[in-house]
file work-v9.txt (compact mmCIF, C-alpha atoms)
# COMPACT_ATOMS: atom_id res chain seq x y z
CA MET A 1 -70.60 -42.28 60.79
CA SER A 2 -70.26 -45.40 58.69
CA GLU A 3 -67.90 -45.82 55.78
CA LEU A 4 -70.90 -45.65 53.42
CA ASP A 5 -72.04 -42.39 55.01
CA ASP A 6 -68.54 -40.95 54.60
CA TRP A 7 -68.53 -41.74 50.87
CA ARG A 8 -72.04 -40.34 50.43
CA LYS A 9 -71.04 -37.16 52.22
CA ARG A 10 -68.05 -36.81 49.88
CA ILE A 11 -70.32 -37.29 46.85
CA ASP A 12 -72.70 -34.62 48.19
CA GLU A 13 -69.76 -32.21 48.54
CA ILE A 14 -68.58 -32.95 45.00
CA ASP A 15 -72.13 -32.48 43.69
CA GLN A 16 -72.22 -29.00 45.23
CA GLN A 17 -68.93 -28.15 43.51
CA LEU A 18 -70.28 -29.49 40.20
CA VAL A 19 -73.42 -27.35 40.48
CA LYS A 20 -71.31 -24.27 41.20
CA LEU A 21 -68.98 -24.96 38.25
CA LEU A 22 -71.82 -25.81 35.86
CA ASN A 23 -73.57 -22.55 36.73
CA GLU A 24 -70.32 -20.64 36.31
CA ARG A 25 -69.85 -22.26 32.90
CA SER A 26 -73.45 -21.47 32.01
CA GLY A 27 -72.94 -17.81 32.88
CA CYS A 28 -70.08 -17.79 30.39
CA ALA A 29 -72.39 -19.31 27.76
CA VAL A 30 -74.92 -16.51 28.31
CA GLU A 31 -72.20 -13.90 27.81
CA ILE A 32 -70.96 -15.73 24.71
CA GLY A 33 -74.53 -15.59 23.38
CA HIS A 34 -74.51 -11.81 23.72
CA VAL A 35 -71.15 -11.56 21.97
CA LYS A 36 -72.31 -13.86 19.16
CA LYS A 37 -75.42 -11.72 18.72
CA LYS A 38 -73.27 -8.58 18.41
CA LEU A 39 -71.01 -10.32 15.89
CA ASN A 40 -73.97 -11.87 14.06
CA LEU A 41 -72.62 -15.39 14.61
CA PRO A 42 -74.74 -18.55 14.90
CA ALA A 43 -75.31 -20.12 18.31
CA TRP A 44 -74.09 -23.49 17.12
CA SER A 45 -70.44 -23.89 16.23
CA PRO A 46 -69.71 -27.52 15.32
CA GLU A 47 -65.97 -26.87 15.15
CA ARG A 48 -65.92 -25.46 18.70
CA GLU A 49 -68.07 -28.33 19.98
CA ALA A 50 -65.68 -30.87 18.45
CA GLU A 51 -62.72 -29.02 19.98
CA ILE A 52 -64.29 -29.11 23.45
CA LEU A 53 -65.05 -32.82 23.14
CA ARG A 54 -61.49 -33.57 21.99
CA HIS A 55 -60.06 -31.66 24.95
CA VAL A 56 -62.23 -33.28 27.62
CA VAL A 57 -61.69 -36.78 26.24
CA LYS A 58 -57.94 -36.15 26.06
CA SER A 59 -57.87 -35.03 29.70
CA ASN A 60 -59.94 -38.00 30.91
CA ARG A 61 -58.08 -40.29 33.31
CA GLY A 62 -61.05 -42.44 34.36
CA PRO A 63 -62.74 -44.28 35.89
CA LEU A 64 -65.32 -42.93 33.43
CA ASP A 65 -64.53 -44.12 29.93
CA ASP A 66 -64.14 -41.69 27.04
CA ALA A 67 -67.63 -42.42 25.70
CA ALA A 68 -69.18 -41.53 29.07
CA ILE A 69 -67.21 -38.26 29.25
CA ARG A 70 -68.28 -37.47 25.70
CA ARG A 71 -71.97 -38.10 26.50
CA LEU A 72 -71.82 -35.96 29.64
CA PHE A 73 -70.18 -33.07 27.80
CA GLU A 74 -72.53 -33.36 24.84
CA ARG A 75 -75.37 -32.74 27.29
CA ILE A 76 -73.52 -29.86 28.98
CA ILE A 77 -72.82 -28.31 25.58
CA ASP A 78 -76.46 -28.77 24.56
CA GLU A 79 -77.63 -26.89 27.65
CA ALA A 80 -75.04 -24.15 27.08
CA ARG A 81 -76.17 -23.76 23.47
CA SER A 82 -79.75 -23.39 24.69
CA LEU A 83 -78.66 -20.62 27.05
CA GLU A 84 -76.70 -18.95 24.26
CA ARG A 85 -79.76 -19.01 21.99
CA HIS A 86 -81.92 -17.61 24.76
CA ALA A 87 -79.41 -14.80 25.32
CA MET A 88 -79.26 -14.12 21.58
CA ASP A 89 -83.06 -13.91 21.34
CA ALA A 90 -83.41 -11.64 24.37
CA PRO A 91 -83.09 -7.86 24.11
CA ALA A 92 -79.53 -6.64 24.64
CA PRO A 93 -78.84 -6.15 28.35
CA ALA A 94 -77.79 -2.78 29.75
CA THR A 95 -74.66 -4.29 31.29
CA SER A 96 -74.81 -8.05 31.71
CA ALA A 97 -77.24 -10.93 31.35
CA THR A 98 -76.22 -12.42 34.65
CA SER A 99 -77.26 -11.41 38.11
CA ALA A 100 -74.87 -10.81 40.98
CA THR A 101 -75.14 -14.51 41.81
CA GLY A 102 -73.92 -15.47 38.36
CA ARG A 103 -77.29 -16.90 37.38
CA ALA A 104 -78.67 -16.08 33.97
CA GLN A 105 -81.69 -13.82 34.19
CA GLU A 106 -84.71 -15.10 32.35
CA ALA A 107 -87.94 -13.41 31.41
CA PRO A 108 -90.89 -15.10 33.12
CA GLY A 109 -92.44 -17.87 31.09
CA GLU A 110 -89.85 -17.89 28.32
CA ASP A 111 -88.57 -21.18 26.97
CA GLN A 112 -84.85 -21.84 27.28
CA GLY A 113 -84.53 -22.95 23.67
CA ALA A 114 -84.74 -25.91 21.39
CA SER A 115 -82.47 -28.51 19.92
CA PRO A 116 -79.64 -27.43 17.59
CA SER A 117 -81.88 -27.95 14.59
CA GLY A 118 -84.56 -25.78 16.14
CA ARG A 119 -86.91 -28.77 16.44
CA GLY A 120 -88.26 -30.08 19.69
CA GLN A 121 -87.94 -28.93 23.25
CA ARG A 122 -84.91 -29.04 25.44
CA GLY A 123 -84.82 -31.65 28.16
CA SER A 124 -86.63 -34.37 26.23
CA GLY A 125 -84.72 -36.90 28.29
CA LYS A 126 -83.95 -39.04 25.28
CA SER A 127 -80.48 -40.48 25.45
CA GLY A 128 -78.50 -41.19 22.38
CA GLU A 129 -80.01 -38.35 20.39
CA ARG A 130 -77.75 -37.22 17.59
CA LYS A 131 -76.19 -33.84 18.22
CA GLU A 132 -75.98 -31.64 15.15
call {"tool": "encode", "arguments": {"input": "work-v9.txt", "output": "structure tokens"}}
result
Amino acid sequence: MSELDDWRKRIDEIDQQLVKLLNERSGCAVEIGHVKKKLNLPAWSPEREAEILRHVVKSNRGPLDDAAIRRLFERIIDEARSLERHAMDAPAPATSATSATGRAQEAPGEDQGASPSGRGQRGSGKSGERKE
């Protein structure tokens, strides 16, 4: 194996860990959506979003700069908010909204949500969009 192949293999391993962690985090967001529905709270909490961004930027040691970390987490938060909204719009589950694999269960053909303002579809691919 070449040095390049070794590095690519390491990246593939890290990507698998990231997918696992992102799905674990997303499962938490689904559960938070159910709790917020019970408590009659909005899906979007700007104070909590700011707190998350402060924490991840503070813990950043590079080589990604703070702006890159912020952009990545803004996208992660946006996806989590979409899952929360979906969970809040769905009928209350008997026990949990996640399957045994930790994946959020979704009704066939249902949209995952919209932007924080309720306009537009998720996954527009536009970078630099303002987060509300």
call {"tool": "atom_distance", "arguments": {"input": "work-v9.txt", "atom1": "CA of Asp6 (chain A)", "atom2": "CA of Leu64 (chain A)"}}
result
21.5 Å
call {"tool": "residues_near_point", "arguments": {"input": "work-v9.txt", "point": "(-72.0, -15.3, 25.3)", "cutoff": "10 Å", "atoms": "only C-alpha atoms", "output": "PyMOL selection string"}}
result
chain A and resi 26-38+43+80-81+83-85+87-88+97
call {"tool": "closest_residue", "arguments": {"input": "work-v9.txt", "among": "A:Asp5, A:Asp15, A:Arg25, A:Glu74", "to": "Glu51 (chain A)", "atoms": "only C-alpha atoms"}}
result
A:Glu74
call {"tool": "residues_around", "arguments": {"input": "work-v9.txt", "residues": "Arg54 (chain A)", "least_positions_apart": "6", "cutoff": "12 Å", "atoms": "only C-alpha atoms", "output": "ChimeraX atom specification"}}
result
/A:47-48,60,66-67,69-70,73-74
call {"tool": "closest_residue", "arguments": {"input": "work-v9.txt", "among": "A:Met1, A:Asp65, A:Leu18, A:Leu72", "to": "Ile52 (chain A)", "atoms": "only C-alpha atoms"}}
result
A:Leu72
call {"tool": "atom_distance", "arguments": {"input": "work-v9.txt", "atom1": "CA of Lys20 (chain A)", "atom2": "CA of Arg61 (chain A)"}}
result
22.2 Å
call {"tool": "atom_distance", "arguments": {"input": "work-v9.txt", "atom1": "CA of Ser82 (chain A)", "atom2": "CA of Val56 (chain A)"}}
result
20.3 Å
call {"tool": "axis_aligned_box", "arguments": {"input": "work-v9.txt", "around": "region 48-58 of chain A", "padding_each_side": "6 Å", "output": "JSON"}}
result
{"center_x": -63.0, "center_y": -31.1, "center_z": 23.0, "size_x": 22.1, "size_y": 23.3, "size_z": 21.2}
call {"tool": "decode", "arguments": {"input": "work-v9.txt", "residues": "region 10-45 of chain A", "atoms": "N, CA and C atoms", "output": "mmCIF file, in the first residue's frame"}}
result
data_model
loop_
_atom_site.group_PDB
_atom_site.id
_atom_site.type_symbol
_atom_site.label_atom_id
_atom_site.label_comp_id
_atom_site.auth_asym_id
_atom_site.auth_seq_id
_atom_site.Cartn_x
_atom_site.Cartn_y
_atom_site.Cartn_z
ATOM 1 N N ARG A 10 -7.295 5.920 6.140
ATOM 2 C CA ARG A 10 -7.548 6.582 7.427
ATOM 3 C C ARG A 10 -8.743 7.535 7.317
ATOM 4 N N ILE A 11 -8.818 8.280 6.211
ATOM 5 C CA ILE A 11 -9.954 9.178 6.002
ATOM 6 C C ILE A 11 -11.251 8.383 5.915
ATOM 7 N N ASP A 12 -11.239 7.260 5.208
ATOM 8 C CA ASP A 12 -12.435 6.414 5.110
ATOM 9 C C ASP A 12 -12.882 5.935 6.494
ATOM 10 N N GLU A 13 -11.930 5.575 7.336
ATOM 11 C CA GLU A 13 -12.257 5.135 8.698
ATOM 12 C C GLU A 13 -12.868 6.277 9.511
ATOM 13 N N ILE A 14 -12.295 7.453 9.389
ATOM 14 C CA ILE A 14 -12.811 8.624 10.107
ATOM 15 C C ILE A 14 -14.214 8.961 9.595
ATOM 16 N N ASP A 15 -14.420 8.874 8.275
ATOM 17 C CA ASP A 15 -15.740 9.152 7.712
ATOM 18 C C ASP A 15 -16.791 8.209 8.306
ATOM 19 N N GLN A 16 -16.446 6.959 8.486
ATOM 20 C CA GLN A 16 -17.389 6.009 9.088
ATOM 21 C C GLN A 16 -17.726 6.413 10.522
ATOM 22 N N GLN A 17 -16.727 6.863 11.258
ATOM 23 C CA GLN A 17 -16.968 7.332 12.630
ATOM 24 C C GLN A 17 -17.862 8.575 12.627
ATOM 25 N N LEU A 18 -17.599 9.486 11.684
ATOM 26 C CA LEU A 18 -18.418 10.700 11.588
ATOM 27 C C LEU A 18 -19.873 10.363 11.294
ATOM 28 N N VAL A 19 -20.110 9.441 10.367
ATOM 29 C CA VAL A 19 -21.477 9.039 10.037
ATOM 30 C C VAL A 19 -22.164 8.468 11.270
ATOM 31 N N LYS A 20 -21.462 7.613 11.992
ATOM 32 C CA LYS A 20 -22.028 7.012 13.205
ATOM 33 C C LYS A 20 -22.380 8.104 14.229
ATOM 34 N N LEU A 21 -21.465 9.011 14.467
ATOM 35 C CA LEU A 21 -21.697 10.085 15.443
ATOM 36 C C LEU A 21 -22.786 11.052 14.993
ATOM 37 N N LEU A 22 -22.817 11.385 13.711
ATOM 38 C CA LEU A 22 -23.856 12.284 13.212
ATOM 39 C C LEU A 22 -25.236 11.650 13.341
ATOM 40 N N ASN A 23 -25.330 10.353 13.084
ATOM 41 C CA ASN A 23 -26.609 9.669 13.247
ATOM 42 C C ASN A 23 -26.992 9.551 14.715
ATOM 43 N N GLU A 24 -26.022 9.356 15.576
ATOM 44 C CA GLU A 24 -26.297 9.326 17.014
ATOM 45 C C GLU A 24 -26.815 10.693 17.474
ATOM 46 N N ARG A 25 -26.164 11.741 17.015
ATOM 47 C CA ARG A 25 -26.589 13.107 17.350
ATOM 48 C C ARG A 25 -27.988 13.379 16.808
ATOM 49 N N SER A 26 -28.250 12.905 15.606
ATOM 50 C CA SER A 26 -29.556 13.099 14.985
ATOM 51 C C SER A 26 -30.655 12.371 15.745
ATOM 52 N N GLY A 27 -30.351 11.198 16.269
ATOM 53 C CA GLY A 27 -31.317 10.485 17.101
ATOM 54 C C GLY A 27 -31.671 11.297 18.333
ATOM 55 N N CYS A 28 -30.691 11.961 18.890
ATOM 56 C CA CYS A 28 -30.948 12.853 20.039
ATOM 57 C C CYS A 28 -31.869 13.997 19.625
ATOM 58 N N ALA A 29 -31.649 14.546 18.444
ATOM 59 C CA ALA A 29 -32.478 15.653 17.959
ATOM 60 C C ALA A 29 -33.937 15.210 17.798
ATOM 61 N N VAL A 30 -34.147 13.988 17.322
ATOM 62 C CA VAL A 30 -35.508 13.475 17.189
ATOM 63 C C VAL A 30 -36.171 13.406 18.560
ATOM 64 N N GLU A 31 -35.449 12.880 19.535
ATOM 65 C CA GLU A 31 -35.999 12.785 20.893
ATOM 66 C C GLU A 31 -36.263 14.170 21.480
ATOM 67 N N ILE A 32 -35.373 15.105 21.221
ATOM 68 C CA ILE A 32 -35.568 16.484 21.677
ATOM 69 C C ILE A 32 -36.828 17.066 21.043
ATOM 70 N N GLY A 33 -37.072 16.743 19.776
ATOM 71 C CA GLY A 33 -38.291 17.194 19.113
ATOM 72 C C GLY A 33 -39.537 16.704 19.827
ATOM 73 N N HIS A 34 -39.524 15.451 20.271
ATOM 74 C CA HIS A 34 -40.676 14.916 21.006
ATOM 75 C C HIS A 34 -40.851 15.631 22.345
ATOM 76 N N VAL A 35 -39.744 15.884 23.023
ATOM 77 C CA VAL A 35 -39.818 16.590 24.311
ATOM 78 C C VAL A 35 -40.338 18.016 24.097
ATOM 79 N N LYS A 36 -39.817 18.702 23.085
ATOM 80 C CA LYS A 36 -40.270 20.067 22.808
ATOM 81 C C LYS A 36 -41.759 20.090 22.476
ATOM 82 N N LYS A 37 -42.228 19.073 21.763
ATOM 83 C CA LYS A 37 -43.656 19.015 21.444
ATOM 84 C C LYS A 37 -44.469 18.892 22.733
ATOM 85 N N LYS A 38 -44.027 17.996 23.640
ATOM 86 C CA LYS A 38 -44.733 17.822 24.915
ATOM 87 C C LYS A 38 -44.758 19.112 25.726
ATOM 88 N N LEU A 39 -43.653 19.852 25.679
ATOM 89 C CA LEU A 39 -43.519 21.087 26.455
ATOM 90 C C LEU A 39 -44.027 22.316 25.704
ATOM 91 N N ASN A 40 -44.506 22.082 24.471
ATOM 92 C CA ASN A 40 -45.005 23.164 23.632
ATOM 93 C C ASN A 40 -43.936 24.240 23.389
ATOM 94 N N LEU A 41 -42.727 23.785 23.091
ATOM 95 C CA LEU A 41 -41.611 24.684 22.800
ATOM 96 C C LEU A 41 -41.357 24.725 21.298
ATOM 97 N N PRO A 42 -40.825 25.824 20.781
ATOM 98 C CA PRO A 42 -40.515 25.894 19.348
ATOM 99 C C PRO A 42 -39.306 25.029 19.007
ATOM 100 N N ALA A 43 -39.255 24.598 17.751
ATOM 101 C CA ALA A 43 -38.119 23.786 17.291
ATOM 102 C C ALA A 43 -36.832 24.603 17.296
ATOM 103 N N TRP A 44 -36.945 25.864 16.932
ATOM 104 C CA TRP A 44 -35.747 26.689 16.822
ATOM 105 C C TRP A 44 -35.503 27.444 18.108
ATOM 106 N N SER A 45 -34.284 27.291 18.622
ATOM 107 C CA SER A 45 -33.873 27.990 19.831
ATOM 108 C C SER A 45 -32.572 28.735 19.528
#
